[in-house]
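**Q** Got entry.pdb for you, PDB, C-alpha atoms:
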ATOM      1  CA  MET A 237      24.609  39.432   2.288  1.00  0.00           C
ATOM      2  CA  SER A 238      22.754  42.715   2.727  1.00  0.00           C
ATOM      3  CA  LYS A 239      24.389  45.832   4.158  1.00  0.00           C
ATOM      4  CA  PHE A 240      21.231  47.439   5.544  1.00  0.00           C
ATOM      5  CA  LEU A 241      18.826  46.292   8.242  1.00  0.00           C
ATOM      6  CA  SER A 242      15.913  47.326   6.020  1.00  0.00           C
ATOM      7  CA  GLU A 243      16.920  44.689   3.460  1.00  0.00           C
ATOM      8  CA  ILE A 244      16.914  41.711   5.859  1.00  0.00           C
ATOM      9  CA  LYS A 245      14.305  39.100   4.963  1.00  0.00           C
ATOM     10  CA  ALA A 246      13.274  35.823   6.544  1.00  0.00           C
ATOM     11  CA  PRO A 247      14.834  32.733   4.956  1.00  0.00           C
ATOM     12  CA  ILE A 248      12.787  30.998   2.276  1.00  0.00           C
ATOM     13  CA  GLY A 249      10.353  28.551   3.879  1.00  0.00           C
ATOM     14  CA  ALA A 250      10.269  30.306   7.252  1.00  0.00           C
ATOM     15  CA  ALA A 251       6.540  31.064   7.264  1.00  0.00           C
ATOM     16  CA  ARG A 252       5.148  33.266   9.994  1.00  0.00           C
ATOM     17  CA  ASN A 253       1.569  33.764  11.088  1.00  0.00           C
ATOM     18  CA  LYS A 254       0.295  37.023   9.544  1.00  0.00           C
ATOM     19  CA  LYS A 255      -2.272  37.487  12.336  1.00  0.00           C
ATOM     20  CA  ARG A 256      -0.660  38.983  15.431  1.00  0.00           C
ATOM     21  CA  LEU A 257      -2.772  37.229  18.039  1.00  0.00           C
ATOM     22  CA  GLY A 258      -3.137  38.356  21.636  1.00  0.00           C
ATOM     23  CA  ARG A 259      -1.427  41.730  21.120  1.00  0.00           C
ATOM     24  CA  GLY A 260      -4.262  43.948  22.367  1.00  0.00           C
ATOM     25  CA  ASP A 261      -7.329  45.500  20.754  1.00  0.00           C
ATOM     26  CA  ALA A 262      -5.304  47.780  18.470  1.00  0.00           C
ATOM     27  CA  SER A 263      -4.058  44.738  16.500  1.00  0.00           C
ATOM     28  CA  GLY A 264      -7.626  43.849  15.517  1.00  0.00           C
ATOM     29  CA  HIS A 265      -7.080  40.359  16.997  1.00  0.00           C
ATOM     30  CA  GLY A 266      -7.059  41.232  20.677  1.00  0.00           C
ATOM     31  CA  GLY A 267      -9.286  39.948  23.443  1.00  0.00           C
ATOM     32  CA  THR A 268     -10.303  36.452  22.363  1.00  0.00           C
ATOM     33  CA  SER A 269      -7.606  36.226  19.657  1.00  0.00           C
ATOM     34  CA  THR A 270     -10.080  34.924  17.026  1.00  0.00           C
ATOM     35  CA  ARG A 271     -10.950  31.885  19.184  1.00  0.00           C
ATOM     36  CA  GLY A 272     -14.477  32.917  20.162  1.00  0.00           C
ATOM     37  CA  HIS A 273     -15.649  33.075  23.786  1.00  0.00           C
ATOM     38  CA  LYS A 274     -14.577  30.549  26.434  1.00  0.00           C
ATOM     39  CA  GLY A 275     -15.067  26.806  26.140  1.00  0.00           C
ATOM     40  CA  GLN A 276     -12.709  23.926  25.436  1.00  0.00           C
ATOM     41  CA  LYS A 277     -11.685  25.042  21.929  1.00  0.00           C
ATOM     42  CA  ALA A 278     -10.741  28.515  23.186  1.00  0.00           C
ATOM     43  CA  ARG A 279      -8.120  27.164  25.593  1.00  0.00           C
ATOM     44  CA  ALA A 280      -4.521  26.073  25.024  1.00  0.00           C
ATOM     45  CA  GLY A 281      -4.352  22.362  24.119  1.00  0.00           C
ATOM     46  CA  GLY A 282      -8.127  22.307  24.218  1.00  0.00           C
ATOM     47  CA  TYR A 283      -9.318  19.721  21.770  1.00  0.00           C
ATOM     48  CA  HIS A 284     -10.313  16.072  22.099  1.00  0.00           C
ATOM     49  CA  LYS A 285      -8.896  12.874  20.674  1.00  0.00           C
ATOM     50  CA  LEU A 286      -9.884  11.403  17.326  1.00  0.00           C
ATOM     51  CA  GLY A 287     -13.122   9.464  17.751  1.00  0.00           C
ATOM     52  CA  PHE A 288     -14.144  11.265  20.972  1.00  0.00           C
ATOM     53  CA  GLU A 289     -17.937  11.534  21.180  1.00  0.00           C
ATOM     54  CA  GLY A 290     -18.458  13.875  24.116  1.00  0.00           C
ATOM     55  CA  GLY A 291     -18.148  11.183  26.767  1.00  0.00           C
ATOM     56  CA  GLN A 292     -20.513   8.742  25.026  1.00  0.00           C
ATOM     57  CA  MET A 293     -18.966   5.313  24.440  1.00  0.00           C
ATOM     58  CA  PRO A 294     -17.151   5.738  21.082  1.00  0.00           C
ATOM     59  CA  LEU A 295     -18.284   3.747  18.055  1.00  0.00           C
ATOM     60  CA  LEU A 296     -14.989   1.881  17.878  1.00  0.00           C
ATOM     61  CA  ARG A 297     -15.555   0.535  21.395  1.00  0.00           C
ATOM     62  CA  ARG A 298     -19.336  -0.004  21.020  1.00  0.00           C
ATOM     63  CA  VAL A 299     -18.979  -2.401  18.089  1.00  0.00           C
ATOM     64  CA  PRO A 300     -17.888  -5.935  19.024  1.00  0.00           C
ATOM     65  CA  LYS A 301     -14.622  -7.400  17.754  1.00  0.00           C
ATOM     66  CA  ARG A 302     -14.971 -10.105  15.092  1.00  0.00           C
ATOM     67  CA  GLY A 303     -12.614 -12.565  13.452  1.00  0.00           C
ATOM     68  CA  PHE A 304      -8.852 -12.681  13.599  1.00  0.00           C
ATOM     69  CA  THR A 305      -5.819 -12.224  11.386  1.00  0.00           C
ATOM     70  CA  ASN A 306      -3.977 -15.413  10.548  1.00  0.00           C
ATOM     71  CA  ILE A 307      -0.284 -14.560  10.903  1.00  0.00           C
ATOM     72  CA  PHE A 308       0.700 -17.690   8.942  1.00  0.00           C
ATOM     73  CA  ARG A 309      -1.354 -16.786   5.848  1.00  0.00           C
ATOM     74  CA  LYS A 310       0.524 -16.925   2.552  1.00  0.00           C
ATOM     75  CA  GLU A 311      -0.543 -14.600  -0.218  1.00  0.00           C
ATOM     76  CA  TYR A 312       0.614 -15.524  -3.706  1.00  0.00           C
ATOM     77  CA  ALA A 313       1.246 -13.283  -6.690  1.00  0.00           C
ATOM     78  CA  VAL A 314      -0.875 -14.682  -9.535  1.00  0.00           C
ATOM     79  CA  LEU A 315       0.155 -15.074 -13.149  1.00  0.00           C
ATOM     80  CA  ASN A 316      -2.152 -16.382 -15.891  1.00  0.00           C
ATOM     81  CA  LEU A 317      -1.169 -18.619 -18.801  1.00  0.00           C
ATOM     82  CA  ARG A 318      -2.143 -15.864 -21.275  1.00  0.00           C
ATOM     83  CA  ASP A 319       0.792 -13.812 -19.906  1.00  0.00           C
ATOM     84  CA  LEU A 320       3.180 -16.654 -20.834  1.00  0.00           C
ATOM     85  CA  ALA A 321       1.764 -17.382 -24.315  1.00  0.00           C
ATOM     86  CA  ASP A 322       4.214 -15.028 -26.113  1.00  0.00           C
ATOM     87  CA  PHE A 323       7.365 -16.885 -25.041  1.00  0.00           C
ATOM     88  CA  PRO A 324       9.121 -19.104 -27.637  1.00  0.00           C
ATOM     89  CA  SER A 325       8.947 -22.897 -27.414  1.00  0.00           C
ATOM     90  CA  GLY A 326      11.190 -24.565 -24.814  1.00  0.00           C
ATOM     91  CA  THR A 327      11.704 -21.460 -22.649  1.00  0.00           C
ATOM     92  CA  VAL A 328      12.291 -22.054 -18.932  1.00  0.00           C
ATOM     93  CA  ILE A 329      10.135 -19.530 -17.089  1.00  0.00           C
ATOM     94  CA  ASP A 330      11.263 -18.918 -13.506  1.00  0.00           C
ATOM     95  CA  LYS A 331      11.228 -16.013 -11.042  1.00  0.00           C
ATOM     96  CA  GLU A 332      14.314 -14.384 -12.566  1.00  0.00           C
ATOM     97  CA  LEU A 333      12.728 -14.341 -16.042  1.00  0.00           C
ATOM     98  CA  MET A 334       9.406 -13.067 -14.635  1.00  0.00           C
ATOM     99  CA  LYS A 335      11.266 -10.244 -12.894  1.00  0.00           C
ATOM    100  CA  SER A 336      13.346  -9.312 -15.952  1.00  0.00           C
ATOM    101  CA  LYS A 337      10.306  -9.298 -18.288  1.00  0.00           C
ATOM    102  CA  LEU A 338       8.317  -7.310 -15.654  1.00  0.00           C
ATOM    103  CA  LEU A 339       5.501  -9.877 -15.537  1.00  0.00           C
ATOM    104  CA  LEU A 340       5.248  -9.404 -11.762  1.00  0.00           C
ATOM    105  CA  LYS A 341       6.190  -6.448  -9.582  1.00  0.00           C
ATOM    106  CA  ASN A 342       5.680  -8.000  -6.141  1.00  0.00           C
ATOM    107  CA  PHE A 343       6.268 -11.720  -5.587  1.00  0.00           C
ATOM    108  CA  LYS A 344       4.644 -11.736  -2.099  1.00  0.00           C
ATOM    109  CA  SER A 345       4.951 -15.280  -0.608  1.00  0.00           C
ATOM    110  CA  GLY A 346       5.495 -16.834  -4.034  1.00  0.00           C
ATOM    111  CA  VAL A 347       3.992 -17.197  -7.502  1.00  0.00           C
ATOM    112  CA  LYS A 348       0.867 -19.140  -8.434  1.00  0.00           C
ATOM    113  CA  ILE A 349       0.060 -19.946 -12.061  1.00  0.00           C
ATOM    114  CA  LEU A 350      -3.636 -19.804 -13.010  1.00  0.00           C
ATOM    115  CA  SER A 351      -5.323 -21.226 -16.102  1.00  0.00           C
ATOM    116  CA  ASP A 352      -6.831 -18.126 -17.750  1.00  0.00           C
ATOM    117  CA  GLY A 353      -5.800 -18.074 -21.414  1.00  0.00           C
ATOM    118  CA  GLU A 354      -4.351 -20.665 -23.801  1.00  0.00           C
ATOM    119  CA  LEU A 355      -0.859 -22.100 -24.090  1.00  0.00           C
ATOM    120  CA  LYS A 356       0.114 -23.298 -27.579  1.00  0.00           C
ATOM    121  CA  VAL A 357       3.863 -23.948 -27.168  1.00  0.00           C
ATOM    122  CA  PRO A 358       5.662 -26.272 -24.732  1.00  0.00           C
ATOM    123  CA  LEU A 359       7.211 -24.324 -21.851  1.00  0.00           C
ATOM    124  CA  THR A 360       8.938 -25.306 -18.629  1.00  0.00           C
ATOM    125  CA  ILE A 361       7.362 -23.244 -15.871  1.00  0.00           C
ATOM    126  CA  VAL A 362       8.864 -23.052 -12.378  1.00  0.00           C
ATOM    127  CA  ALA A 363       6.530 -21.571  -9.741  1.00  0.00           C
ATOM    128  CA  ASP A 364       5.464 -22.079  -6.130  1.00  0.00           C
ATOM    129  CA  LYS A 365       1.927 -23.275  -6.937  1.00  0.00           C
ATOM    130  CA  PHE A 366      -0.247 -24.214  -9.916  1.00  0.00           C
ATOM    131  CA  SER A 367      -4.008 -24.466 -10.254  1.00  0.00           C
ATOM    132  CA  GLN A 368      -5.241 -27.890 -11.406  1.00  0.00           C
ATOM    133  CA  LYS A 369      -6.532 -26.521 -14.749  1.00  0.00           C
ATOM    134  CA  ALA A 370      -3.266 -24.679 -15.366  1.00  0.00           C
ATOM    135  CA  LEU A 371      -1.341 -27.938 -14.872  1.00  0.00           C
ATOM    136  CA  GLU A 372      -3.620 -29.690 -17.385  1.00  0.00           C
ATOM    137  CA  LYS A 373      -3.200 -26.920 -19.991  1.00  0.00           C
ATOM    138  CA  ILE A 374       0.604 -26.872 -19.595  1.00  0.00           C
ATOM    139  CA  GLN A 375       0.780 -30.655 -20.050  1.00  0.00           C
ATOM    140  CA  GLN A 376      -1.605 -30.554 -23.058  1.00  0.00           C
ATOM    141  CA  ALA A 377       0.738 -28.055 -24.738  1.00  0.00           C
ATOM    142  CA  GLY A 378       3.637 -30.463 -24.134  1.00  0.00           C
ATOM    143  CA  GLY A 379       5.293 -28.419 -21.396  1.00  0.00           C
ATOM    144  CA  THR A 380       6.272 -29.202 -17.828  1.00  0.00           C
ATOM    145  CA  ALA A 381       5.345 -27.559 -14.550  1.00  0.00           C
ATOM    146  CA  LYS A 382       7.815 -27.669 -11.651  1.00  0.00           C
ATOM    147  CA  THR A 383       7.293 -26.369  -8.149  1.00  0.00           C
ATOM    148  CA  VAL A 384      10.179 -24.354  -6.693  1.00  0.00           C
ATOM    149  CA  GLY A 385      11.217 -27.105  -4.225  1.00  0.00           C
ATOM    150  CA  GLU A 386      11.580 -29.774  -6.975  1.00  0.00           C
ATOM    151  CA  SER A 387      15.001 -30.736  -8.298  1.00  0.00           C
ATOM    152  CA  LYS A 388      15.744 -29.625 -11.828  1.00  0.00           C
TER
END
Output the file's structure in the form of structure tokens.
**A**
Amino acid sequence: MSKFLSEIKAPIGAARNKKRLGRGDASGHGGTSTRGHKGQKARAGGYHKLGFEGGQMPLLRRVPKRGFTNIFRKEYAVLNLRDLADFPSGTVIDKELMKSKLLLKNFKSGVKILSDGELKVPLTIVADKFSQKALEKIQQAGGTAKTVGESK
């Protein structure tokens, strides 16, 4: 703590406006206080809302509404067979394994397996959905595909 008034400083982060506005002509910022002459922008609180177009009907309200958002839509995290090709034969690949091996970051409404890539070893894959080609490739490799609801 300082002993002298001349050593007192503002706390770190307490920024102050360097321009001393509205303190007379001697300050160099007197009169209009750097706001120009009259008008809406010169007054306190004088600015318009985002999207205001001077009284003209704003673009957002001129353009008609289209479509809708389906609140029941399910978005699946996708995983291709090429991402599973490195696992050893007989591995059971489920959500826990996908999470631990960082194959997926966000599972969204579930996991869907797609057919991009080749599968050479038999694997048991547990996911929420499979594409038809992915199912065929898994079965050709000698593996099994189970949906999450199925019994083990």
**Q** To one decimal place, how far is CA of Asp330 in chain A from CA of Glu311 in chain A in Å?
**A** 18.3 Å
**Q** Tell me which of A:Gly272, A:Gly282, A:Gly266, A:Pro324 sits closest to Lys356 in chain A, counting only C-alpha atoms.
**A**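 Closest to Lys356 in chain A of all the choices is A:Pro324.
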**Q** Mind pulling up the distance from CA of Ile329 in chain A to CA of Ile361 in chain A?
**A** 4.8 Å
**Q** Starting from the shown file, work through the PyMOL selection byres ((chain A and resi 345) around 9) and note down what comes out as a PyMOL selection string.
**A** chain A and resi 310-313+343-344+346-347+364
**Q** Let me make sure I understand: among A:Leu355, A:Leu295, A:Ala363, A:Ala278, which one has the smallest atom-to-atom distance to Asp322 in chain A if we use only C-alpha atoms?
**A**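 Closest candidate: A:Leu355.
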**Q** Please enumerate the residues selected by the PyMOL selection byres ((chain A and resi 325) around 8) when evaluated against the supplied file, formatted as a PyMOL selection string.
**A** chain A and resi 323-324+326-327+357-359
**Q** Mind writing the picked residues with C-alpha atoms as a PDB file, in the coordinates of the input?
**A**
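Writing done, so here's result.pdb:
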ATOM      1  CA  PHE A 323       7.365 -16.885 -25.041  1.00  0.00           C
ATOM      2  CA  PRO A 324       9.121 -19.104 -27.637  1.00  0.00           C
ATOM      3  CA  GLY A 326      11.190 -24.565 -24.814  1.00  0.00           C
ATOM      4  CA  THR A 327      11.704 -21.460 -22.649  1.00  0.00           C
ATOM      5  CA  VAL A 357       3.863 -23.948 -27.168  1.00  0.00           C
ATOM      6  CA  PRO A 358       5.662 -26.272 -24.732  1.00  0.00           C
ATOM      7  CA  LEU A 359       7.211 -24.324 -21.851  1.00  0.00           C
TER       8      LEU A 359
END
